[in-house]
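K.L.:
What follows is entry-v3.cif; its format and atoms are mmCIF, C-alpha atoms.
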data_query
loop_
_atom_site.label_atom_id
_atom_site.label_comp_id
_atom_site.auth_asym_id
_atom_site.auth_seq_id
_atom_site.Cartn_x
_atom_site.Cartn_y
_atom_site.Cartn_z
CA MET Y 1 13.01 106.79 -10.98
CA SER Y 2 16.79 106.48 -11.03
CA LEU Y 3 19.23 107.47 -8.29
CA ASN Y 4 22.18 107.58 -10.70
CA LEU Y 5 24.42 105.90 -8.15
CA ASP Y 6 28.17 105.82 -8.58
CA LYS Y 7 29.21 102.62 -6.79
CA SER Y 8 32.91 102.90 -7.56
CA THR Y 9 33.67 103.91 -3.97
CA TRP Y 10 31.37 101.34 -2.37
CA LYS Y 11 32.95 98.61 -0.25
CA HIS Y 12 32.10 94.92 -0.57
CA VAL Y 13 31.34 93.58 2.92
CA THR Y 14 29.50 90.82 4.75
CA LEU Y 15 26.73 91.63 7.18
CA GLY Y 16 28.90 90.24 9.97
CA ASP Y 17 31.63 92.77 9.11
CA VAL Y 18 29.40 95.71 9.98
CA ALA Y 19 26.53 94.40 12.15
CA ALA Y 20 26.09 92.08 15.12
CA ALA Y 21 23.30 90.23 16.90
CA SER Y 22 22.93 91.71 20.39
CA LYS Y 23 23.24 89.25 23.27
CA GLU Y 24 21.89 91.63 25.92
CA LYS Y 25 19.58 89.74 28.26
CA VAL Y 26 16.81 90.74 30.60
CA GLU Y 27 14.54 88.78 32.91
CA PRO Y 28 10.95 89.69 32.03
CA GLU Y 29 9.93 89.44 35.70
CA SER Y 30 12.58 92.00 36.74
CA GLY Y 31 10.33 94.93 35.92
CA ASP Y 32 12.89 96.46 33.55
CA VAL Y 33 10.65 95.91 30.50
CA GLU Y 34 6.87 96.07 30.13
CA ARG Y 35 6.33 94.63 26.64
CA PHE Y 36 7.32 91.52 24.76
CA VAL Y 37 7.34 90.88 21.02
CA ALA Y 38 6.77 87.36 19.70
CA GLY Y 39 6.96 86.17 16.10
CA GLU Y 40 3.22 86.61 15.54
CA HIS Y 41 3.48 90.28 16.50
CA MET Y 42 5.70 91.05 13.50
CA GLY Y 43 4.19 91.50 10.05
CA THR Y 44 5.44 90.49 6.64
CA ASP Y 45 7.28 93.33 4.84
CA ASP Y 46 6.34 95.80 7.59
CA LEU Y 47 9.08 97.61 9.49
CA LYS Y 48 6.71 98.90 12.19
CA ILE Y 49 5.69 96.84 15.22
CA HIS Y 50 1.94 97.35 15.60
CA ARG Y 51 1.26 94.68 18.20
CA TRP Y 52 2.93 93.32 21.32
CA GLY Y 53 2.17 91.55 24.56
CA GLU Y 54 2.29 92.87 28.11
CA VAL Y 55 4.86 91.26 30.39
CA GLY Y 56 3.06 89.71 33.34
CA ASP Y 57 -0.09 88.71 31.46
CA GLY Y 58 1.12 85.11 31.38
CA TYR Y 59 4.18 82.89 31.54
CA LEU Y 60 6.52 83.67 28.64
CA GLY Y 61 8.86 80.73 28.97
CA PRO Y 62 12.64 80.56 29.18
CA ALA Y 63 13.23 81.55 25.53
CA PHE Y 64 12.12 85.14 26.21
CA HIS Y 65 15.25 86.76 27.57
CA ARG Y 66 16.64 88.77 24.62
CA ARG Y 67 16.36 92.49 25.33
CA PHE Y 68 15.81 95.03 22.56
CA ARG Y 69 15.93 98.81 22.58
CA PRO Y 70 14.53 101.54 20.29
CA GLY Y 71 16.24 101.64 16.92
CA GLN Y 72 17.45 98.05 16.95
CA VAL Y 73 16.31 95.72 14.17
CA LEU Y 74 14.29 92.62 15.03
CA TYR Y 75 14.56 89.71 12.60
CA GLY Y 76 12.43 86.56 12.77
CA SER Y 77 14.78 83.63 12.19
CA ARG Y 78 11.98 81.05 11.89
CA ARG Y 79 10.19 80.63 8.55
CA THR Y 80 12.32 83.28 6.88
CA TYR Y 81 10.03 83.24 3.83
CA LEU Y 82 7.63 85.32 5.96
CA ARG Y 83 10.14 88.22 5.68
CA LYS Y 84 9.68 89.53 9.22
CA VAL Y 85 11.97 92.52 9.79
CA ALA Y 86 10.96 95.32 12.16
CA VAL Y 87 12.51 98.33 13.86
CA ALA Y 88 11.82 98.63 17.58
CA ASP Y 89 10.45 101.96 18.83
CA PHE Y 90 10.18 100.88 22.48
CA ASP Y 91 12.09 98.80 25.03
CA GLY Y 92 11.11 95.17 25.35
CA VAL Y 93 12.03 91.51 25.41
CA THR Y 94 11.80 88.89 22.69
CA ALA Y 95 12.63 85.21 22.28
CA ASN Y 96 16.07 83.97 21.31
CA THR Y 97 14.62 82.95 17.92
CA THR Y 98 14.35 86.65 17.05
CA PHE Y 99 17.69 88.28 16.26
CA VAL Y 100 18.24 91.76 17.70
CA VAL Y 101 20.59 93.38 15.20
CA GLU Y 102 22.62 96.57 15.47
CA THR Y 103 25.54 98.20 13.72
CA LYS Y 104 29.01 97.46 15.06
CA ASP Y 105 30.31 100.95 14.28
CA PRO Y 106 28.23 103.92 13.01
CA ALA Y 107 31.36 105.11 11.23
CA LEU Y 108 31.05 102.04 8.98
CA LEU Y 109 27.30 101.44 8.87
CA LEU Y 110 24.52 103.78 9.96
CA GLN Y 111 21.84 102.07 12.04
CA GLU Y 112 19.09 103.76 10.02
CA LEU Y 113 20.21 101.99 6.83
CA LEU Y 114 20.47 98.54 8.42
CA PRO Y 115 16.74 97.64 8.26
CA PHE Y 116 16.67 98.34 4.53
CA ILE Y 117 19.67 96.09 3.92
CA MET Y 118 17.70 93.37 5.68
CA THR Y 119 14.50 94.01 3.69
CA SER Y 120 16.19 93.92 0.28
CA GLU Y 121 15.30 91.07 -2.06
CA PRO Y 122 18.86 89.63 -2.21
CA PHE Y 123 18.97 89.43 1.59
CA HIS Y 124 15.62 87.60 1.80
CA ALA Y 125 16.69 85.22 -0.96
CA PHE Y 126 19.94 84.49 0.90
CA ALA Y 127 18.18 83.89 4.23
CA ILE Y 128 15.65 81.54 2.65
CA GLN Y 129 18.40 79.62 0.83
CA GLU Y 130 20.41 79.23 4.05
CA SER Y 131 17.43 78.07 6.12
CA ARG Y 132 17.34 74.47 7.35
CA GLY Y 133 14.49 72.20 8.31
CA SER Y 134 11.29 71.49 6.44
CA VAL Y 135 8.39 71.83 8.88
CA ASN Y 136 9.62 74.96 10.67
CA PRO Y 137 12.70 76.14 8.74
CA TYR Y 138 15.16 78.38 10.58
CA VAL Y 139 18.41 80.21 9.97
CA ASN Y 140 21.30 80.84 12.36
CA TRP Y 141 23.02 84.19 12.86
CA SER Y 142 26.28 82.57 11.79
CA ASP Y 143 24.60 81.99 8.41
CA ILE Y 144 23.03 85.43 8.18
CA GLU Y 145 26.28 87.25 8.90
CA ARG Y 146 27.83 85.70 5.78
CA TYR Y 147 25.48 87.70 3.56
CA GLU Y 148 27.52 89.84 1.14
CA PHE Y 149 26.58 93.23 -0.28
CA ASP Y 150 28.09 96.52 -1.43
CA LEU Y 151 28.07 99.24 1.23
CA PRO Y 152 28.19 102.94 0.28
CA PRO Y 153 30.26 105.52 2.19
CA VAL Y 154 28.60 106.94 5.30
CA ASP Y 155 27.59 110.25 3.69
CA GLU Y 156 25.89 108.30 0.88
CA GLN Y 157 24.27 106.01 3.48
CA LYS Y 158 22.78 109.10 5.12
CA ARG Y 159 21.30 110.35 1.86
CA LEU Y 160 19.88 106.95 0.91
CA GLY Y 161 18.61 106.28 4.41
CA ASP Y 162 16.79 109.64 4.48
CA LEU Y 163 15.15 108.82 1.14
CA LEU Y 164 14.07 105.33 2.21
CA TRP Y 165 12.71 106.54 5.55
CA ALA Y 166 10.80 109.33 3.77
CA ILE Y 167 9.12 106.69 1.59
CA GLU Y 168 8.46 104.57 4.67
CA GLY Y 169 6.98 107.54 6.54
CA HIS Y 170 4.66 108.31 3.64
CA ARG Y 171 3.68 104.63 3.44
CA ARG Y 172 2.80 104.59 7.14
CA SER Y 173 0.70 107.73 6.74
CA VAL Y 174 -1.27 106.10 3.93
CA VAL Y 175 -1.72 102.90 5.96
CA SER Y 176 -3.01 104.97 8.90
CA ALA Y 177 -5.40 106.84 6.62
CA MET Y 178 -6.66 103.52 5.26
CA ALA Y 179 -7.26 102.21 8.79
CA ALA Y 180 -9.12 105.40 9.72
CA GLY Y 181 -11.22 105.10 6.57
CA ILE Y 182 -12.13 101.50 7.36
CA SER Y 183 -13.18 102.50 10.89
CA ALA Y 184 -15.22 105.44 9.59
CA ARG Y 185 -16.95 103.24 7.00
CA TYR Y 186 -17.83 100.60 9.59
CA ALA Y 187 -19.11 103.22 12.04
CA TRP Y 188 -21.24 104.81 9.31
CA LEU Y 189 -22.60 101.39 8.37
CA GLY Y 190 -23.51 100.80 12.00
CA THR Y 191 -25.34 104.12 12.36
CA SER Y 192 -27.10 103.99 8.99
CA ILE Y 193 -28.23 100.37 9.08
CA GLY Y 194 -29.11 100.68 12.77
CA SER Y 195 -31.42 103.63 12.03
CA LEU Y 196 -33.13 101.74 9.20
CA VAL Y 197 -33.63 98.67 11.40
CA GLU Y 198 -35.14 100.79 14.18
CA ARG Y 199 -37.53 102.41 11.72
CA LYS Y 200 -38.84 99.17 10.22
CA ALA Y 201 -37.41 95.70 9.75
CA VAL Y 202 -38.65 92.25 8.84
CA PRO Y 203 -37.14 88.77 9.21
CA PHE Y 204 -34.56 88.26 6.47
CA GLU Y 205 -36.51 85.35 4.98
CA ARG Y 206 -39.25 87.79 4.01
CA VAL Y 207 -37.01 89.24 1.30
CA TRP Y 208 -35.83 85.89 -0.06
CA ALA Y 209 -37.10 84.94 -3.49
CA ARG Y 210 -36.39 81.33 -2.55
CA SER Y 211 -34.45 79.39 0.05
CA PRO Y 212 -30.65 79.87 0.05
CA GLU Y 213 -28.65 77.27 -1.89
CA SER Y 214 -25.71 75.33 -0.52
CA GLY Y 215 -22.69 74.83 -2.74
CA TRP Y 216 -20.61 71.76 -3.46
CA SER Y 217 -17.10 71.03 -2.20
CA ALA Y 218 -15.29 68.64 -4.48
CA ALA Y 219 -11.82 67.45 -3.42
CA PRO Y 220 -9.26 69.83 -4.99
CA VAL Y 221 -6.67 68.45 -7.41
CA ASP Y 222 -3.23 69.68 -8.44
CA GLU Y 223 -3.74 69.64 -12.19
CA VAL Y 224 -5.57 72.40 -14.05
CA THR Y 225 -9.04 71.10 -14.93
CA GLY Y 226 -10.76 74.24 -16.18
CA HIS Y 227 -13.22 73.94 -13.27
CA TYR Y 228 -12.75 75.87 -10.05
CA VAL Y 229 -14.31 76.26 -6.63
CA LEU Y 230 -13.93 79.25 -4.34
CA SER Y 231 -11.86 78.89 -1.19
CA LEU Y 232 -13.13 80.46 2.04
CA ALA Y 233 -10.49 83.17 1.63
CA ALA Y 234 -12.54 84.52 -1.31
CA ILE Y 235 -14.87 86.17 1.23
CA SER Y 236 -13.02 88.85 3.19
CA GLN Y 237 -14.23 91.59 5.51
CA PHE Y 238 -14.10 93.86 2.45
CA GLY Y 239 -16.16 91.59 0.20
CA TYR Y 240 -15.09 89.37 -2.70
CA ARG Y 241 -11.39 88.69 -3.31
CA ALA Y 242 -10.59 87.37 -6.76
CA GLY Y 243 -8.05 84.61 -7.36
CA ARG Y 244 -8.87 82.47 -4.31
CA LEU Y 245 -9.66 79.36 -6.35
CA LYS Y 246 -9.05 75.63 -6.21
CA ASN Y 247 -8.92 73.26 -9.18
CA VAL Y 248 -11.63 70.60 -9.00
CA PRO Y 249 -12.78 67.78 -11.30
CA ASP Y 250 -15.85 68.34 -13.45
CA SER Y 251 -19.10 66.88 -12.14
CA SER Y 252 -22.82 67.56 -12.25
CA GLU Y 253 -22.66 68.85 -8.65
CA VAL Y 254 -19.88 71.30 -9.53
CA ARG Y 255 -21.82 72.53 -12.56
CA ALA Y 256 -24.98 72.99 -10.46
CA ALA Y 257 -23.06 75.29 -8.13
CA ARG Y 258 -21.69 77.49 -10.94
CA LEU Y 259 -21.64 81.20 -10.16
CA ASN Y 260 -22.85 84.11 -12.24
CA ARG Y 261 -21.63 87.68 -11.99
CA GLY Y 262 -23.65 89.47 -9.30
CA ASP Y 263 -24.43 86.38 -7.18
CA LEU Y 264 -24.66 87.15 -3.46
CA LEU Y 265 -22.83 84.67 -1.25
CA ILE Y 266 -22.48 84.25 2.49
CA SER Y 267 -19.98 82.21 4.48
CA ARG Y 268 -21.87 79.35 6.13
CA ALA Y 269 -18.95 77.77 7.99
CA ASN Y 270 -15.84 79.60 9.13
CA THR Y 271 -14.14 81.01 12.21
CA ILE Y 272 -16.27 83.02 14.63
CA GLU Y 273 -14.76 86.24 13.22
CA ALA Y 274 -15.54 85.35 9.61
CA VAL Y 275 -18.72 83.22 9.64
CA GLY Y 276 -21.63 84.98 7.99
CA ARG Y 277 -19.49 87.36 5.96
CA PRO Y 278 -21.06 88.26 2.61
CA CYS Y 279 -19.69 89.01 -0.83
CA ILE Y 280 -20.90 89.56 -4.36
CA PHE Y 281 -19.19 87.52 -7.06
CA THR Y 282 -17.84 90.18 -9.42
CA GLU Y 283 -16.06 88.18 -12.12
CA ASP Y 284 -17.33 87.71 -15.67
CA ARG Y 285 -16.68 83.97 -16.03
CA SER Y 286 -18.64 80.73 -15.96
CA ASP Y 287 -16.07 78.24 -14.67
CA VAL Y 288 -16.24 78.99 -10.93
CA SER Y 289 -18.47 77.24 -8.39
CA PHE Y 290 -19.07 77.88 -4.71
CA PRO Y 291 -18.40 75.33 -1.94
CA ASP Y 292 -20.74 73.87 0.67
CA THR Y 293 -19.16 76.19 3.25
CA MET Y 294 -21.08 79.02 1.54
CA MET Y 295 -24.70 79.72 0.64
CA ARG Y 296 -26.04 81.59 -2.38
CA LEU Y 297 -28.84 84.01 -1.55
CA HIS Y 298 -31.75 84.83 -3.87
CA LEU Y 299 -33.54 88.09 -3.10
CA VAL Y 300 -36.83 89.59 -4.17
CA ASP Y 301 -36.56 92.14 -6.97
CA ASP Y 302 -36.96 95.23 -4.79
CA VAL Y 303 -33.87 94.46 -2.68
CA GLN Y 304 -30.55 95.27 -4.31
CA PRO Y 305 -27.88 92.61 -3.64
CA ALA Y 306 -25.34 95.33 -2.75
CA PHE Y 307 -27.72 96.69 -0.11
CA ALA Y 308 -28.16 93.21 1.38
CA GLU Y 309 -24.39 92.72 1.34
CA ALA Y 310 -23.98 95.97 3.30
CA VAL Y 311 -26.60 94.93 5.86
CA LEU Y 312 -24.90 91.57 6.41
CA ALA Y 313 -21.46 93.23 6.72
CA SER Y 314 -22.67 95.94 9.10
CA PRO Y 315 -22.28 95.78 12.90
CA HIS Y 316 -25.95 94.78 13.04
CA GLY Y 317 -25.37 91.83 10.70
CA ARG Y 318 -22.08 90.77 12.29
CA LYS Y 319 -23.61 90.81 15.78
CA HIS Y 320 -26.41 88.51 14.61
CA MET Y 321 -23.97 86.06 13.01
CA ARG Y 322 -21.74 85.83 16.07
CA ARG Y 323 -24.72 85.30 18.37
CA ASN Y 324 -26.25 82.58 16.22
CA ALA Y 325 -23.16 80.68 15.09
CA ALA Y 326 -23.11 77.10 16.39
CA GLY Y 327 -19.98 75.16 17.27
CA SER Y 328 -16.73 75.69 19.13
CA ALA Y 329 -15.46 79.27 19.14
CA THR Y 330 -11.93 77.89 18.85
CA SER Y 331 -12.56 76.23 15.47
CA MET Y 332 -15.07 76.28 12.63
CA VAL Y 333 -18.57 77.46 13.55
CA LYS Y 334 -21.68 77.44 11.37
CA ILE Y 335 -24.83 79.32 10.63
CA ASN Y 336 -27.82 77.70 8.91
CA ARG Y 337 -30.84 78.85 6.93
CA GLN Y 338 -32.99 79.04 10.05
CA SER Y 339 -30.60 81.25 12.02
CA LEU Y 340 -29.96 83.39 8.94
CA SER Y 341 -33.69 83.80 8.32
CA ARG Y 342 -34.16 85.42 11.76
CA LEU Y 343 -31.88 88.38 11.02
CA MET Y 344 -33.99 91.52 11.19
CA PHE Y 345 -33.59 93.09 7.77
CA PRO Y 346 -34.31 96.81 7.26
CA THR Y 347 -36.93 97.74 4.72
CA ALA Y 348 -35.95 100.57 2.41
CA THR Y 349 -37.36 101.96 -0.79
CA ALA Y 350 -35.47 101.67 -4.05
CA GLU Y 351 -34.54 105.36 -3.79
CA GLU Y 352 -33.30 104.95 -0.20
CA GLN Y 353 -31.20 101.96 -1.17
CA THR Y 354 -29.66 103.86 -4.08
CA LYS Y 355 -28.81 106.88 -1.92
CA PHE Y 356 -27.32 104.59 0.72
CA LEU Y 357 -25.18 102.75 -1.84
CA ASP Y 358 -24.03 106.05 -3.41
CA LYS Y 359 -22.74 107.18 -0.02
CA LEU Y 360 -21.10 103.80 0.57
CA ALA Y 361 -19.44 104.04 -2.85
CA ARG Y 362 -17.75 107.30 -1.83
CA PHE Y 363 -16.12 105.53 1.11
CA ASP Y 364 -14.98 102.75 -1.21
CA GLU Y 365 -13.66 105.16 -3.85
CA ALA Y 366 -11.54 106.92 -1.22
CA ALA Y 367 -10.23 103.54 -0.06
CA GLU Y 368 -9.32 102.58 -3.63
CA LEU Y 369 -7.37 105.83 -4.09
CA LEU Y 370 -5.42 105.18 -0.89
CA GLN Y 371 -4.78 101.60 -1.99
CA SER Y 372 -3.39 102.92 -5.29
CA ASP Y 373 -1.14 105.32 -3.36
CA LEU Y 374 0.10 102.47 -1.18
CA LEU Y 375 0.86 100.28 -4.18
CA ALA Y 376 2.78 103.13 -5.83
CA LEU Y 377 4.82 103.72 -2.67
CA GLU Y 378 5.64 100.04 -2.26
CA THR Y 379 6.67 99.88 -5.91
CA SER Y 380 8.91 102.94 -5.45
CA ARG Y 381 10.48 101.44 -2.34
CA GLY Y 382 11.17 98.19 -4.19
CA THR Y 383 12.71 100.06 -7.12
CA VAL Y 384 14.97 102.12 -4.85
CA LEU Y 385 16.05 99.08 -2.84
CA ALA Y 386 16.80 97.16 -6.04
CA GLU Y 387 18.92 100.02 -7.38
CA ILE Y 388 20.89 100.21 -4.13
CA PHE Y 389 21.24 96.55 -3.21
CA GLY Y 390 20.26 94.66 -6.38
CA GLY Y 391 17.43 92.21 -6.93
CA ALA Y 392 14.16 92.40 -8.86
CA LYS Y 393 12.62 95.82 -9.32
#
Mind turning the file's structure into structure tokens?
P.N.:
Amino acid sequence: MSLNLDKSTWKHVTLGDVAAASKEKVEPESGDVERFVAGEHMGTDDLKIHRWGEVGDGYLGPAFHRRFRPGQVLYGSRRTYLRKVAVADFDGVTANTTFVVETKDPALLLQELLPFIMTSEPFHAFAIQESRGSVNPYVNWSDIERYEFDLPPVDEQKRLGDLLWAIEGHRRSVVSAMAAGISARYAWLGTSIGSLVERKAVPFERVWARSPESGWSAAPVDEVTGHYVLSLAAISQFGYRAGRLKNVPDSSEVRAARLNRGDLLISRANTIEAVGRPCIFTEDRSDVSFPDTMMRLHLVDDVQPAFAEAVLASPHGRKHMRRNAAGSATSMVKINRQSLSRLMFPTATAEEQTKFLDKLARFDEAAELLQSDLLALETSRGTVLAEIFGGAK
């Protein structure tokens, strides 16, 4: 995709030439605004604000006095490598560590193009380079406004802005469809597994071929050893995530915990939201082990591992894990073999399991298609931004 841009009429400017950080203030307690946006409410590489806080739910502190209005750009000046740029679509207040940016003159720079200038790769690279501090790096507006770029004429800005917002609108539609699909899948899991449990269920230990194994957590090292252990991030709410590995030294314990393709794992120690999550190791390799924060489950032959994974990931399974996890809800909690064994596990014939998994696969296939669409859109957006503002495509 090429825009065939003629940049001969474009003007070289700094961000400070055409945009400014708003200094408008508001007292949260005044009643003029109902919502606040903190740094954690803004996502990486996501122009939409999906989350916010309600003013009055708690003390915000003196830093929250910067007012923002719909259409203004919010930029997180702390830890700029997180690339937090968002466009407000409601009135609110934010802290003075979040810049509220707007065009100085729409005859020079259209507001609708501004967020894309600030999401381009050269801009992020500049902001990261200009950041100071090591633990919590930050950048000042006086640094940001020195960023240089080539600005097209206003009529060209309108055309490019319309194109970029069309891509962004399509991306948001796909993201919404993905969220709806995830909710539908989880609801279907709840209904289907719930019905099977009500019909007939046995304690989970009744379908174990032998007691679950604990893994081994060797201290990770920086050098590549050819031996790896999974990190907890390898088990997500959507199952196994490849690439979440740590280098570890070779040892008999590490070798004893080696994984085989198709092994069913469960998180033994994690946060209350993630403890007890299952996954099936899907990689064809013999150099990966599992840590002692996970258990490997061995099932009788008439229970398919994918069916057990679905039961554990269902609302029925998650409810059991949260109820039986031991420890502080504010940190790592644990389940053990005994608490896991008490989960009521639905009995189903081989044919019923296969039909169930076929239906589940249709949900997952739809999700994969949407994920491919999202990747294509993000690639297109990156290509367009690189052609306009430079940087890697």
K.L.:
Report as an NGL selection string all protein, DNA and RNA residues lying within 12 Å of Ser77 of chain Y, evaluated on all atoms listed in the file, omitting residues in the same chain fewer than 2 positions from it.
P.N.:
:Y and (21 or 38-39 or 42 or 74-75 or 79-85 or 95-101 or 124 or 127-128 or 130-132 or 136-144)
K.L.:
Quick one: which residues end up in the PyMOL selection byres ((chain Y and resi 86) around 9) for this structure, as a PDB file with C-alpha atoms, in the frame of the given file?
P.N.:
ATOM      1  CA  MET Y  42       5.700  91.050  13.500  1.00  0.00           C
ATOM      2  CA  GLY Y  43       4.190  91.500  10.050  1.00  0.00           C
ATOM      3  CA  ASP Y  45       7.280  93.330   4.840  1.00  0.00           C
ATOM      4  CA  ASP Y  46       6.340  95.800   7.590  1.00  0.00           C
ATOM      5  CA  LEU Y  47       9.080  97.610   9.490  1.00  0.00           C
ATOM      6  CA  LYS Y  48       6.710  98.900  12.190  1.00  0.00           C
ATOM      7  CA  ILE Y  49       5.690  96.840  15.220  1.00  0.00           C
ATOM      8  CA  GLN Y  72      17.450  98.050  16.950  1.00  0.00           C
ATOM      9  CA  VAL Y  73      16.310  95.720  14.170  1.00  0.00           C
ATOM     10  CA  LEU Y  74      14.290  92.620  15.030  1.00  0.00           C
ATOM     11  CA  TYR Y  75      14.560  89.710  12.600  1.00  0.00           C
ATOM     12  CA  GLY Y  76      12.430  86.560  12.770  1.00  0.00           C
ATOM     13  CA  LYS Y  84       9.680  89.530   9.220  1.00  0.00           C
ATOM     14  CA  VAL Y  85      11.970  92.520   9.790  1.00  0.00           C
ATOM     15  CA  VAL Y  87      12.510  98.330  13.860  1.00  0.00           C
ATOM     16  CA  ALA Y  88      11.820  98.630  17.580  1.00  0.00           C
ATOM     17  CA  PRO Y 115      16.740  97.640   8.260  1.00  0.00           C
TER      18      PRO Y 115
END
K.L.:
Which residues would end up in the selection if the PyMOL selection byres ((chain Y and resi 334-349) around 8) were applied here, given that I need the answer as number ranges by chain?
P.N.:
Y: 193, 196-197, 199-205, 211-212, 268-270, 275-276, 302, 311, 317, 320-321, 324-327, 332-333, 350-353
K.L.:
Could you please determine the separation between atom CA of Asp89 of chain Y and atom CA of Leu3 of chain Y in Å, to one decimal place?
P.N.:
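Atom-to-atom, atom CA of Asp89 of chain Y and atom CA of Leu3 of chain Y are spaced 29.0 Å apart.
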K.L.:
Hey, which of Y:Trp52, Y:Glu253, Y:Arg78, Y:Tyr147 ends up closest to Ser134 of chain Y? Count all atoms listed in the file.
P.N.:
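Checking each of Y:Trp52, Y:Glu253, Y:Arg78, Y:Tyr147 against Ser134 of chain Y, counting all atoms listed in the file, the winner is Y:Arg78.
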K.L.:
When you count all atoms listed in the file, which of these residues is closest to Glu112 of chain Y: Y:Ala386, Y:Val37, Y:Leu151, Y:Leu160?
P.N.:
Y:Leu160
K.L.:
Can you list, as a CSV table (one decimal) with C-alpha atoms, in the frame of the given file, every protein, DNA or RNA residue that comes within 9 Å of Ala310 of chain Y when you count only C-alpha atoms, leaving out same-chain residues fewer than 5 positions away?
P.N.:
chain,number,residue,atom,x,y,z
Y,189,LEU,CA,-22.6,101.4,8.4
Y,193,ILE,CA,-28.2,100.4,9.1
Y,278,PRO,CA,-21.1,88.3,2.6
Y,305,PRO,CA,-27.9,92.6,-3.6
Y,317,GLY,CA,-25.4,91.8,10.7
Y,357,LEU,CA,-25.2,102.8,-1.8
Y,360,LEU,CA,-21.1,103.8,0.6
K.L.:
How would you write as a list in words the residues that get within 10 Å of (-23.5, 86.2, -5.2) in the file's frame, counting all atoms listed in the file?
P.N.:
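So the residues meeting the distance criterion are Tyr240, Leu259, Asn260, Arg261, Gly262, Asp263, Leu264, Leu265, Ile266, Pro278, Cys279, Ile280, Phe281, Thr282, Phe290, Met295, Arg296, Leu297, His298, Pro305, Ala306 and Glu309 of chain Y.
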K.L.:
Applying 12 Å and all atoms listed in the file, which residues near Glu223 of chain Y remain after dropping the ones on its own chain fewer than 5 positions away? List them as a ChimeraX atom specification.
P.N.:
/Y:228,246-249
